[in-house]
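Chemist: Contents of entry-v3.txt (compact mmCIF, C-alpha atoms and all ligand atoms):
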```txt
# COMPACT_ATOMS: atom_id res chain seq x y z
CA MET A 1 60.86 -20.01 99.10
CA ARG A 2 57.36 -20.02 97.56
CA VAL A 3 56.12 -16.51 96.83
CA VAL A 4 52.50 -15.48 97.44
CA ILE A 5 51.58 -12.15 95.87
CA VAL A 6 48.70 -10.25 97.44
CA GLY A 7 47.24 -7.87 94.83
CA VAL A 8 48.10 -8.68 91.23
CA GLY A 9 48.10 -5.12 89.86
CA ALA A 10 50.94 -3.15 88.29
CA ILE A 11 53.59 -4.12 90.85
CA GLY A 12 52.30 -7.51 91.97
CA GLY A 13 51.60 -8.45 88.37
CA THR A 14 55.09 -7.54 87.19
CA VAL A 15 56.78 -9.46 90.01
CA GLY A 16 54.42 -12.42 89.64
CA ALA A 17 54.80 -12.60 85.88
CA LEU A 18 58.60 -12.44 86.00
CA LEU A 19 58.79 -15.19 88.64
CA ALA A 20 56.28 -17.40 86.82
CA LEU A 21 58.09 -16.92 83.49
CA ALA A 22 61.30 -18.08 85.16
CA GLY A 23 59.58 -21.20 86.49
CA GLN A 24 59.65 -20.12 90.15
CA GLU A 25 56.95 -21.22 92.59
CA VAL A 26 54.52 -18.31 92.81
CA ILE A 27 50.80 -17.82 93.50
CA GLY A 28 48.84 -14.61 93.01
CA ILE A 29 45.83 -13.50 95.04
CA ALA A 30 43.76 -11.40 92.65
CA ARG A 31 40.19 -10.20 92.38
CA GLY A 32 37.50 -9.03 89.97
CA ARG A 33 38.11 -8.98 86.25
CA GLN A 34 41.85 -9.28 86.77
CA LEU A 35 41.37 -12.69 88.40
CA GLU A 36 39.06 -13.89 85.61
CA ALA A 37 41.34 -12.62 82.83
CA ILE A 38 44.49 -14.21 84.29
CA ARG A 39 42.65 -17.52 84.75
CA ASP A 40 41.37 -17.36 81.15
CA LYS A 41 44.46 -16.30 79.24
CA GLY A 42 47.41 -15.86 81.58
CA LEU A 43 49.05 -12.55 82.50
CA THR A 44 50.66 -10.55 79.70
CA LEU A 45 53.65 -8.44 80.71
CA ARG A 46 54.75 -5.74 78.26
CA SER A 47 58.15 -4.21 78.92
CA PRO A 48 61.14 -2.93 76.95
CA GLN A 49 62.42 -6.50 77.26
CA GLY A 50 59.48 -7.78 75.16
CA VAL A 51 55.91 -9.02 75.40
CA ARG A 52 55.58 -12.19 77.45
CA VAL A 53 52.60 -14.22 78.63
CA ALA A 54 52.98 -15.81 82.06
CA GLU A 55 50.99 -18.75 83.35
CA LEU A 56 50.54 -17.34 86.84
CA PRO A 57 48.46 -19.52 89.20
CA VAL A 58 45.85 -17.27 90.87
CA VAL A 59 43.31 -17.63 93.67
CA ALA A 60 40.59 -15.28 94.91
CA ALA A 61 41.48 -15.28 98.62
CA PRO A 62 44.22 -16.39 101.05
CA ASP A 63 42.06 -19.17 102.50
CA GLU A 64 42.30 -21.00 99.16
CA ILE A 65 46.03 -21.51 99.77
CA ASP A 66 47.50 -24.41 101.72
CA TRP A 67 50.06 -22.22 103.56
CA ARG A 68 53.58 -23.57 104.09
CA PRO A 69 56.39 -22.45 106.44
CA ASP A 70 58.55 -21.58 103.42
CA ASP A 71 55.99 -19.15 101.97
CA ALA A 72 56.82 -15.48 101.68
CA VAL A 73 53.97 -12.98 101.42
CA LEU A 74 54.51 -10.05 99.05
CA LEU A 75 51.95 -7.34 99.84
CA CYS A 76 51.32 -5.42 96.62
CA THR A 77 48.07 -3.58 97.31
CA LYS A 78 47.72 0.16 97.62
CA THR A 79 48.11 1.25 101.28
CA GLN A 80 44.40 1.93 101.75
CA ASP A 81 43.74 -1.77 101.04
CA THR A 82 46.44 -3.13 103.36
CA GLU A 83 44.38 -3.57 106.55
CA ALA A 84 41.73 -5.65 104.80
CA ALA A 85 44.37 -7.78 103.09
CA LEU A 86 46.23 -8.38 106.38
CA ALA A 87 43.00 -9.38 108.13
CA GLN A 88 42.30 -11.97 105.43
CA LEU A 89 45.86 -13.34 105.65
CA ARG A 90 45.67 -13.75 109.42
CA LEU A 91 42.33 -15.57 109.26
CA ALA A 92 43.77 -17.87 106.58
CA GLY A 93 46.51 -18.98 109.00
CA VAL A 94 49.52 -16.90 107.97
CA ASP A 95 51.68 -16.41 111.06
CA GLU A 96 55.48 -16.54 111.13
CA GLN A 97 56.03 -16.38 107.37
CA PRO A 98 57.87 -13.23 106.26
CA VAL A 99 55.55 -10.44 105.07
CA PHE A 100 57.25 -8.09 102.59
CA CYS A 101 55.61 -4.71 101.92
CA LEU A 102 56.22 -3.83 98.24
CA GLN A 103 54.38 -0.55 98.64
CA ASN A 104 54.97 3.18 98.69
CA GLY A 105 54.74 5.17 101.90
CA VAL A 106 55.84 4.02 105.34
CA GLU A 107 52.59 2.92 106.98
CA ASN A 108 52.25 -0.61 105.61
CA GLU A 109 55.07 -2.08 107.69
CA ARG A 110 53.50 -0.67 110.88
CA LEU A 111 50.10 -2.10 109.96
CA ALA A 112 51.68 -5.49 109.23
CA LEU A 113 53.76 -5.57 112.42
CA ARG A 114 50.58 -5.22 114.50
CA ARG A 115 49.48 -8.58 113.12
CA PHE A 116 52.63 -10.48 112.13
CA PRO A 117 56.04 -10.87 113.80
CA ASN A 118 58.21 -11.11 110.68
CA VAL A 119 57.78 -7.92 108.62
CA HIS A 120 60.06 -6.55 105.91
CA GLY A 121 60.12 -3.33 103.92
CA VAL A 122 60.80 -3.13 100.22
CA THR A 123 61.51 0.09 98.33
CA VAL A 124 59.94 -0.37 94.92
CA LEU A 125 61.69 1.40 92.06
CA LEU A 126 59.60 -0.14 89.30
CA PRO A 127 57.46 2.12 87.12
CA ALA A 128 54.56 -0.05 86.01
CA GLU A 129 50.93 0.21 84.95
CA PHE A 130 47.85 -1.91 84.80
CA VAL A 131 46.78 -1.82 81.12
CA VAL A 132 43.58 -3.89 80.87
CA PRO A 133 42.51 -6.98 82.85
CA GLY A 134 45.14 -9.64 82.27
CA GLU A 135 47.72 -7.17 80.99
CA ILE A 136 50.33 -4.99 82.66
CA ALA A 137 53.26 -2.90 81.49
CA ALA A 138 56.62 -2.15 83.14
CA PHE A 139 58.85 0.56 81.72
CA GLY A 140 62.31 -0.16 83.16
CA SER A 141 65.32 -1.44 81.22
CA PRO A 142 67.54 -3.45 81.30
CA CYS A 143 65.83 -4.47 84.55
CA GLU A 144 62.11 -4.04 85.15
CA GLY A 145 62.90 -2.77 88.64
CA ILE A 146 65.25 -2.18 91.54
CA PHE A 147 64.23 -3.18 95.08
CA ASP A 148 65.87 -2.29 98.41
CA ILE A 149 64.94 -5.05 100.84
CA GLY A 150 65.35 -5.27 104.62
CA CYS A 151 63.75 -6.14 107.95
CA PHE A 152 61.34 -3.73 109.62
CA PRO A 153 62.17 -1.67 111.60
CA GLY A 154 65.81 -2.43 110.78
CA GLY A 155 68.43 -5.07 110.06
CA ALA A 156 68.52 -7.73 107.38
CA ASP A 157 68.09 -11.50 107.50
CA GLU A 158 68.03 -14.72 105.50
CA ALA A 159 64.54 -14.01 104.12
CA ASP A 160 65.73 -10.67 102.68
CA ARG A 161 68.71 -12.36 101.05
CA ALA A 162 66.53 -15.19 99.70
CA LEU A 163 64.08 -12.74 98.10
CA ALA A 164 66.88 -10.68 96.55
CA GLU A 165 68.46 -13.86 95.16
CA LEU A 166 65.13 -14.96 93.70
CA LEU A 167 64.32 -11.62 92.07
CA THR A 168 67.67 -10.48 90.69
CA PRO A 169 67.99 -13.18 88.00
CA VAL A 170 64.41 -12.62 86.78
CA GLY A 171 64.87 -8.88 86.15
CA ILE A 172 64.39 -7.06 89.46
CA ALA A 173 67.73 -6.12 90.98
CA GLY A 174 67.45 -6.81 94.72
CA PHE A 175 69.66 -4.93 97.20
CA VAL A 176 69.63 -6.09 100.82
CA THR A 177 70.00 -3.21 103.26
CA GLU A 178 70.21 -2.90 107.04
CA ASP A 179 68.17 0.33 106.93
CA VAL A 180 65.39 -0.16 104.43
CA MET A 181 63.24 2.55 105.99
CA ALA A 182 65.81 5.24 105.11
CA SER A 183 65.36 4.16 101.51
CA LYS A 184 61.57 4.08 101.90
CA TYR A 185 61.53 7.63 103.32
CA GLY A 186 63.62 8.70 100.33
CA LYS A 187 61.03 7.10 98.04
CA LEU A 188 58.22 8.77 99.99
CA ILE A 189 59.74 12.16 99.19
CA LEU A 190 59.61 11.28 95.46
CA ASN A 191 56.02 10.09 95.73
CA LEU A 192 54.85 13.46 97.07
CA ALA A 193 54.85 14.46 93.39
CA ASN A 194 52.42 11.67 92.41
CA ILE A 195 49.38 13.82 93.16
CA VAL A 196 50.91 16.86 91.43
CA GLY A 197 51.08 15.03 88.10
CA ALA A 198 47.74 13.35 88.78
CA ALA A 199 46.04 16.70 89.40
CA MET A 200 47.74 19.06 86.95
CA GLY A 201 48.90 16.62 84.27
CA ARG A 202 52.43 15.47 83.58
CA GLU A 203 53.07 18.20 81.05
CA ALA A 204 52.13 21.11 83.36
CA GLU A 205 54.85 23.32 84.77
CA SER A 206 55.21 22.00 88.31
CA ALA A 207 58.85 22.21 89.43
CA ASP A 208 58.01 24.97 91.94
CA VAL A 209 55.10 22.97 93.37
CA LYS A 210 57.20 19.83 93.78
CA ALA A 211 60.00 21.84 95.40
CA LEU A 212 57.54 23.18 97.96
CA LEU A 213 56.32 19.67 98.84
CA ARG A 214 59.88 18.41 99.17
CA ALA A 215 60.99 21.35 101.34
CA GLU A 216 58.12 20.68 103.76
CA ALA A 217 59.03 16.98 103.84
CA GLU A 218 62.70 17.63 104.53
CA ALA A 219 61.81 20.07 107.36
CA VAL A 220 59.41 17.57 108.88
CA LEU A 221 61.73 14.57 108.66
CA THR A 222 64.58 16.60 110.15
CA ALA A 223 62.36 17.76 113.03
CA ALA A 224 61.26 14.16 113.61
CA GLY A 225 64.86 12.89 113.56
CA ILE A 226 64.14 10.59 110.61
CA GLY A 227 66.95 10.01 108.10
CA TRP A 228 66.42 9.27 104.44
CA GLN A 229 68.39 7.99 101.47
CA GLU A 230 68.01 9.58 98.03
CA VAL A 231 66.62 7.05 95.55
CA GLY A 232 65.66 9.46 92.75
CA ASP A 233 67.59 10.40 89.62
CA ALA A 234 70.76 10.90 91.71
CA ASP A 235 70.76 7.20 92.64
CA PRO A 236 73.64 5.78 90.52
CA ARG A 237 71.93 2.39 90.23
CA ARG A 238 69.24 3.88 88.01
CA GLN A 239 71.66 4.78 85.18
CA GLU A 240 72.96 1.25 84.95
CA LEU A 241 69.85 -0.80 85.76
CA LEU A 242 66.67 1.19 85.30
CA LYS A 243 66.31 3.46 82.32
CA ILE A 244 62.68 4.35 81.59
CA LEU A 245 61.77 3.44 78.01
CA PRO A 246 58.52 3.47 76.01
CA VAL A 247 56.62 0.22 75.74
CA GLU A 248 54.73 -0.71 72.61
CA GLY A 249 51.00 -1.15 73.17
CA ALA A 250 51.03 0.57 76.55
CA ALA A 251 50.38 4.30 76.63
CA SER A 252 51.49 5.52 80.05
CA VAL A 253 48.86 7.24 82.23
CA GLY A 254 51.36 8.33 84.90
CA SER A 255 52.06 7.50 88.52
CA SER A 256 50.16 4.92 90.55
CA THR A 257 48.04 7.80 91.91
CA ALA A 258 47.11 9.04 88.42
CA GLN A 259 46.27 5.45 87.51
CA SER A 260 43.81 5.20 90.41
CA LEU A 261 42.01 8.33 89.17
CA ALA A 262 42.07 7.20 85.54
CA ARG A 263 40.57 3.83 86.47
CA GLY A 264 37.95 5.34 88.78
CA ALA A 265 39.38 3.02 91.41
CA GLY A 266 37.26 4.53 94.22
CA SER A 267 40.19 5.20 96.54
CA ILE A 268 43.53 6.97 96.39
CA GLU A 269 46.80 6.62 98.32
CA THR A 270 47.55 10.33 98.89
CA ASP A 271 46.64 10.31 102.61
CA PHE A 272 49.52 7.84 103.09
CA LEU A 273 52.00 9.77 100.92
CA ASN A 274 51.55 13.55 101.31
CA GLY A 275 49.39 12.70 104.35
CA GLU A 276 52.37 11.08 106.06
CA ILE A 277 54.23 14.40 105.89
CA VAL A 278 51.15 16.24 107.18
CA LEU A 279 50.86 13.78 110.07
CA LEU A 280 54.53 14.10 111.02
CA GLY A 281 54.27 17.89 110.71
CA ARG A 282 51.35 17.96 113.14
CA LEU A 283 53.16 15.64 115.55
CA HIS A 284 56.33 17.73 115.50
CA GLY A 285 54.97 21.26 115.16
CA VAL A 286 56.11 21.88 111.57
CA PRO A 287 53.63 23.51 109.16
CA THR A 288 52.89 21.55 105.97
CA PRO A 289 50.28 23.62 104.10
CA ALA A 290 51.23 22.47 100.59
CA ASN A 291 51.09 18.75 101.39
CA ALA A 292 47.85 19.28 103.32
CA TYR A 293 46.36 21.12 100.33
CA PHE A 294 47.11 18.14 98.06
CA THR A 295 45.53 15.64 100.46
CA ARG A 296 42.32 17.71 100.32
CA LEU A 297 42.55 18.09 96.55
CA ALA A 298 43.02 14.32 96.08
CA ALA A 299 39.94 13.60 98.20
CA ARG A 300 37.93 16.14 96.21
CA MET A 301 39.09 14.81 92.83
CA LEU A 302 38.16 11.28 93.91
CA ALA A 303 34.71 12.31 95.20
CA GLU A 304 33.96 14.31 92.05
CA GLY A 305 35.30 11.63 89.70
CA ARG A 306 37.76 14.10 88.17
CA ALA A 307 40.16 12.85 85.49
CA PRO A 308 43.95 13.06 85.90
CA GLY A 309 45.29 16.39 84.67
CA SER A 310 41.97 18.23 85.09
CA VAL A 311 43.09 20.79 87.70
CA PRO A 312 44.47 24.00 86.12
CA ARG A 313 47.90 25.16 87.26
CA GLU A 314 46.40 28.56 88.11
CA GLU A 315 44.11 26.94 90.68
CA VAL A 316 47.04 25.16 92.36
CA ALA A 317 49.29 28.24 92.19
CA ALA A 318 46.60 30.42 93.77
CA ALA A 319 46.01 27.94 96.59
CA LEU A 320 49.74 27.68 97.34
CA GLY A 321 50.52 31.38 96.92
CA LEU A 322 52.90 30.80 93.98
N1 LIG B 401 52.57 1.44 89.75
C1 LIG B 401 53.80 1.88 89.98
O1 LIG B 401 54.52 2.32 89.07
C2 LIG B 401 54.36 1.86 91.37
C3 LIG B 401 53.58 1.55 92.47
N2 LIG B 401 54.16 1.50 93.71
C4 LIG B 401 53.37 1.19 94.90
O2 LIG B 401 53.06 -0.20 94.86
C5 LIG B 401 51.82 -0.46 95.54
C6 LIG B 401 50.88 -1.15 94.56
O3 LIG B 401 50.60 -0.23 93.52
P1 LIG B 401 50.07 -0.69 92.08
O4 LIG B 401 50.55 -2.03 91.74
O5 LIG B 401 50.32 0.45 91.18
O6 LIG B 401 48.48 -0.77 92.39
P2 LIG B 401 47.37 -1.48 91.52
O7 LIG B 401 46.10 -0.79 91.89
O8 LIG B 401 47.77 -1.56 90.10
O9 LIG B 401 47.38 -2.96 92.09
C7 LIG B 401 46.91 -3.31 93.35
C8 LIG B 401 46.06 -4.54 93.15
O10 LIG B 401 45.70 -5.09 94.42
C9 LIG B 401 44.36 -5.53 94.34
N3 LIG B 401 43.86 -5.73 95.70
C10 LIG B 401 43.60 -4.83 96.66
N4 LIG B 401 43.21 -5.44 97.80
C11 LIG B 401 43.23 -6.78 97.55
C12 LIG B 401 42.93 -7.91 98.32
N5 LIG B 401 42.52 -7.82 99.59
N6 LIG B 401 43.06 -9.12 97.73
C13 LIG B 401 43.47 -9.24 96.45
N7 LIG B 401 43.77 -8.19 95.66
C14 LIG B 401 43.65 -6.97 96.22
C15 LIG B 401 43.69 -4.45 93.55
O11 LIG B 401 42.43 -4.84 93.08
P3 LIG B 401 41.34 -3.71 92.64
O12 LIG B 401 41.86 -3.12 91.35
O13 LIG B 401 40.11 -4.51 92.52
O14 LIG B 401 41.31 -2.69 93.74
C16 LIG B 401 44.73 -4.26 92.44
O15 LIG B 401 44.56 -5.24 91.44
C17 LIG B 401 51.31 0.93 96.00
O16 LIG B 401 51.73 1.18 97.31
C18 LIG B 401 52.03 1.89 95.04
O17 LIG B 401 52.17 3.18 95.57
C19 LIG B 401 55.50 1.67 93.88
C20 LIG B 401 56.30 1.97 92.82
C21 LIG B 401 55.80 2.14 91.49
C1 LIG B 402 58.07 5.67 90.49
C2 LIG B 402 56.73 6.31 90.57
C3 LIG B 402 56.83 7.75 91.00
C4 LIG B 402 56.23 6.30 89.19
O1 LIG B 402 56.06 5.09 88.64
C5 LIG B 402 55.91 5.61 91.59
O2 LIG B 402 56.43 5.19 92.60
C6 LIG B 402 54.45 5.51 91.50
O3 LIG B 402 53.91 5.52 90.40
O4 LIG B 402 53.82 5.42 92.56
```
Could you write out this structure as structure tokens?
Modeler:
Amino acid sequence: MRVVIVGVGAIGGTVGALLALAGQEVIGIARGRQLEAIRDKGLTLRSPQGVRVAELPVVAAPDEIDWRPDDAVLLCTKTQDTEAALAQLRLAGVDEQPVFCLQNGVENERLALRRFPNVHGVTVLLPAEFVVPGEIAAFGSPCEGIFDIGCFPGGADEADRALAELLTPVGIAGFVTEDVMASKYGKLILNLANIVGAAMGREAESADVKALLRAEAEAVLTAAGIGWQEVGDADPRRQELLKILPVEGAASVGSSTAQSLARGAGSIETDFLNGEIVLLGRLHGVPTPANAYFTRLAARMLAEGRAPGSVPREEVAAALGL
């Protein structure tokens, strides 16, 4: 299996660097200053396991790749960039190759299945950050990450097993599952808190806010008949495989959502995280005022160029009646 990584940011960069360092066949599709920096000086991965520089081959677009039947596509963009990435892949001739969605939320697999027949979900437990162009940091130890991997909408096949076997020895523990979406819904519940930390700051008192978001999500998923698997702190695999440790030279900004605001990325994933709960609530007649509030707040913060942590707790508490 040759791996093609679409979007060499925090997640794609970590996976790409680990595979390249282990001598596996991997190509990254990157853009902007990230592409230039990786071409110039390789991709530096900082993690508790050390500082390593990977020679990761990178191209600017899928049509620069001579696609092979044994390629596997790893989609590592934020959800709001998925449609554009899929359109480029299709025009470049990708067809039956497995497309793995290494992304938060549950929309990417649906978007991919509209275009490609062989779609897989991956639950990404891998806290990572883009540091500067050509440099990323991952905070997990002894593994950089844990992935649940399976076919979409369900089942598991040879491609899932091949990816897990490729990733586990390089530092990402791969678990093949017949019901990857249960794991991804469990991760979605965790990611509802991304915007809370991004808005109020990681140090702000927010347990009550997060509990409200989770309660709405659980009510909505139950009403929709959707099951989920807990993948948070209660997941026993984390203790053994994924302790979060500081990384020298990489001050952590916070979740992937906070990172988008900090970088002035111009878009934010919240409509596909909290917005998924709002959508399901509207489809199934369950009110979701707290999640809806945070989708509006995220859009406002983005439009106003607000920094992570710039929304006072009092403002949030007043809006949510806390
Ligand atoms: N960071 C984390 O700790 C975690 C993130 N996740 C999830 O993983 C996914 C990826 O997040 P993350 O790695 O943080 O995001 P990043 O923004 O760090 O990386 C995404 C990268 O994809 C690039 N990109 C977007 N569209 C294209 C395209 N068409 N072609 C080539 N490159 C493209 C972006 O470029 P540009 O910067 O120019 O937009 C960026 O470099 C998200 O769904 C996120 O929620 C899951 C678990 C943890
Ligand atoms: C694990 C967590 C919440 C933090 O890294 C994440 O998934 C993200 O940043 O999107």
Chemist: I'd like to know which of A:Pro127, A:Gly275, A:Gly150, A:Gly309 is closest to Thr295 (chain A), using all atoms listed in the file.
Modeler: A:Gly275
Chemist: So that I can check the surroundings of region 197-213 of chain A, please list as a ChimeraX atom specification every protein, DNA and RNA residue that reaches within 7 Å of it, counting only C-alpha atoms and ignoring chain neighbours fewer than 4 positions away.
Modeler: /A:192-193,217,257-258,290-291,308-313
Chemist: Can you spit out the residues from that selection as a PDB file, in the frame of the given file, using C-alpha atoms?
Modeler:
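So again.pdb came out as:
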```
ATOM      1  CA  LEU A 192      54.850  13.460  97.070  1.00  0.00           C
ATOM      2  CA  ALA A 193      54.850  14.460  93.390  1.00  0.00           C
ATOM      3  CA  ALA A 217      59.030  16.980 103.840  1.00  0.00           C
ATOM      4  CA  THR A 257      48.040   7.800  91.910  1.00  0.00           C
ATOM      5  CA  ALA A 258      47.110   9.040  88.420  1.00  0.00           C
ATOM      6  CA  ALA A 290      51.230  22.470 100.590  1.00  0.00           C
ATOM      7  CA  ASN A 291      51.090  18.750 101.390  1.00  0.00           C
ATOM      8  CA  PRO A 308      43.950  13.060  85.900  1.00  0.00           C
ATOM      9  CA  GLY A 309      45.290  16.390  84.670  1.00  0.00           C
ATOM     10  CA  SER A 310      41.970  18.230  85.090  1.00  0.00           C
ATOM     11  CA  VAL A 311      43.090  20.790  87.700  1.00  0.00           C
ATOM     12  CA  PRO A 312      44.470  24.000  86.120  1.00  0.00           C
ATOM     13  CA  ARG A 313      47.900  25.160  87.260  1.00  0.00           C
TER      14      ARG A 313
END
```
Chemist: Would you list the contacts of Asn274 (chain A) as a ChimeraX atom specification, taking every protein, DNA or RNA residue within 8 Å and counting only C-alpha atoms, but skipping same-chain residues closer than 3 positions in sequence?
Modeler: /A:191-192,270-271,277-278,291-292,294-295
Chemist: How would the residues just chosen look if you wrote them out with C-alpha atoms as a PDB file, in the frame of the given file?
Modeler:
```
ATOM      1  CA  ASN A 191      56.020  10.090  95.730  1.00  0.00           C
ATOM      2  CA  LEU A 192      54.850  13.460  97.070  1.00  0.00           C
ATOM      3  CA  THR A 270      47.550  10.330  98.890  1.00  0.00           C
ATOM      4  CA  ASP A 271      46.640  10.310 102.610  1.00  0.00           C
ATOM      5  CA  ILE A 277      54.230  14.400 105.890  1.00  0.00           C
ATOM      6  CA  VAL A 278      51.150  16.240 107.180  1.00  0.00           C
ATOM      7  CA  ASN A 291      51.090  18.750 101.390  1.00  0.00           C
ATOM      8  CA  ALA A 292      47.850  19.280 103.320  1.00  0.00           C
ATOM      9  CA  PHE A 294      47.110  18.140  98.060  1.00  0.00           C
ATOM     10  CA  THR A 295      45.530  15.640 100.460  1.00  0.00           C
TER      11      THR A 295
END
```
Chemist: Give me the residues near region 97-99 of chain A as a list in words, where near means some atom within 8 Å (using only C-alpha atoms) and where sequence neighbours in that chain fewer than 4 positions away do not count.
Modeler: Pro69, Asp70, Asp71, Ala72, Val73, Leu74, Leu75, Ala112, Phe116, Asn118, Val119, His120 and Ala159 of chain A
Chemist: What is the distance between atom O2 of ligand LIG 401 (chain B) and CA of Gln229 (chain A), in Å to one decimal?
Modeler: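 Here the two named atoms are 18.6 Å from each other.
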Chemist: Would you work out the distance separating CA of Gly155 (chain A) from CA of Leu242 (chain A), expressed in Å to one decimal?
Modeler: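 If I compute the distance from CA of Gly155 (chain A) to CA of Leu242 (chain A), I get 25.6 Å.
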Chemist: How many Å lie between atom C9 of ligand LIG 401 (chain B) and CA of Val8 (chain A), rounded to one decimal?
Modeler: 5.8 Å
Chemist: How would you write as a PyMOL selection string the residues that get within 10 Å of (56.4, 17.7, 115.7) in the file's frame, counting all atoms listed in the file?
Modeler: chain A and resi 220-225+279-287
Chemist: Could you give me the residues within 10 Å of ligand LIG 402 (chain B), counting all atoms listed in the file, as an MDAnalysis selection string?
Modeler: chainID A and resid 10:11 78 103:105 123:129 138:140 145 187:195 197 232 244 252:259 269 273
Chemist: For a quick check of understanding, using only C-alpha atoms, which of A:Cys151, A:Val6, A:Val180, A:Ala20 has the smallest distance to Thr82 (chain A)?
Modeler: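 Closest residue, counting only C-alpha atoms: A:Val6.
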Chemist: Taking all atoms listed in the file into account, which of A:Asp66, A:Asp81, A:Glu240, A:Glu178 comes nearest ligand LIG 401 (chain B)?
Modeler: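 For ligand LIG 401 (chain B), the nearest of the given residues is A:Asp81.
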Chemist: Give me the region 121-178 of chain A side of the contact with region 23-39 of chain A, cut-off 9 Å, one line per residue showing its nearest atom pair and distance in Å at one decimal, counting all atoms listed in the file, sorted by chain and residue number, as JSON lines.
Modeler:
```
{"residue": "A:Val132", "atom": "CA", "partner": "A:Gln34", "partner_atom": "CA", "distance": 8.2}
{"residue": "A:Pro133", "atom": "CA", "partner": "A:Gln34", "partner_atom": "CA", "distance": 4.6}
{"residue": "A:Gly134", "atom": "CA", "partner": "A:Ala37", "partner_atom": "CA", "distance": 4.9}
{"residue": "A:Glu135", "atom": "CA", "partner": "A:Ile38", "partner_atom": "CA", "distance": 8.4}
{"residue": "A:Leu166", "atom": "CA", "partner": "A:Gln24", "partner_atom": "CA", "distance": 8.3}
```
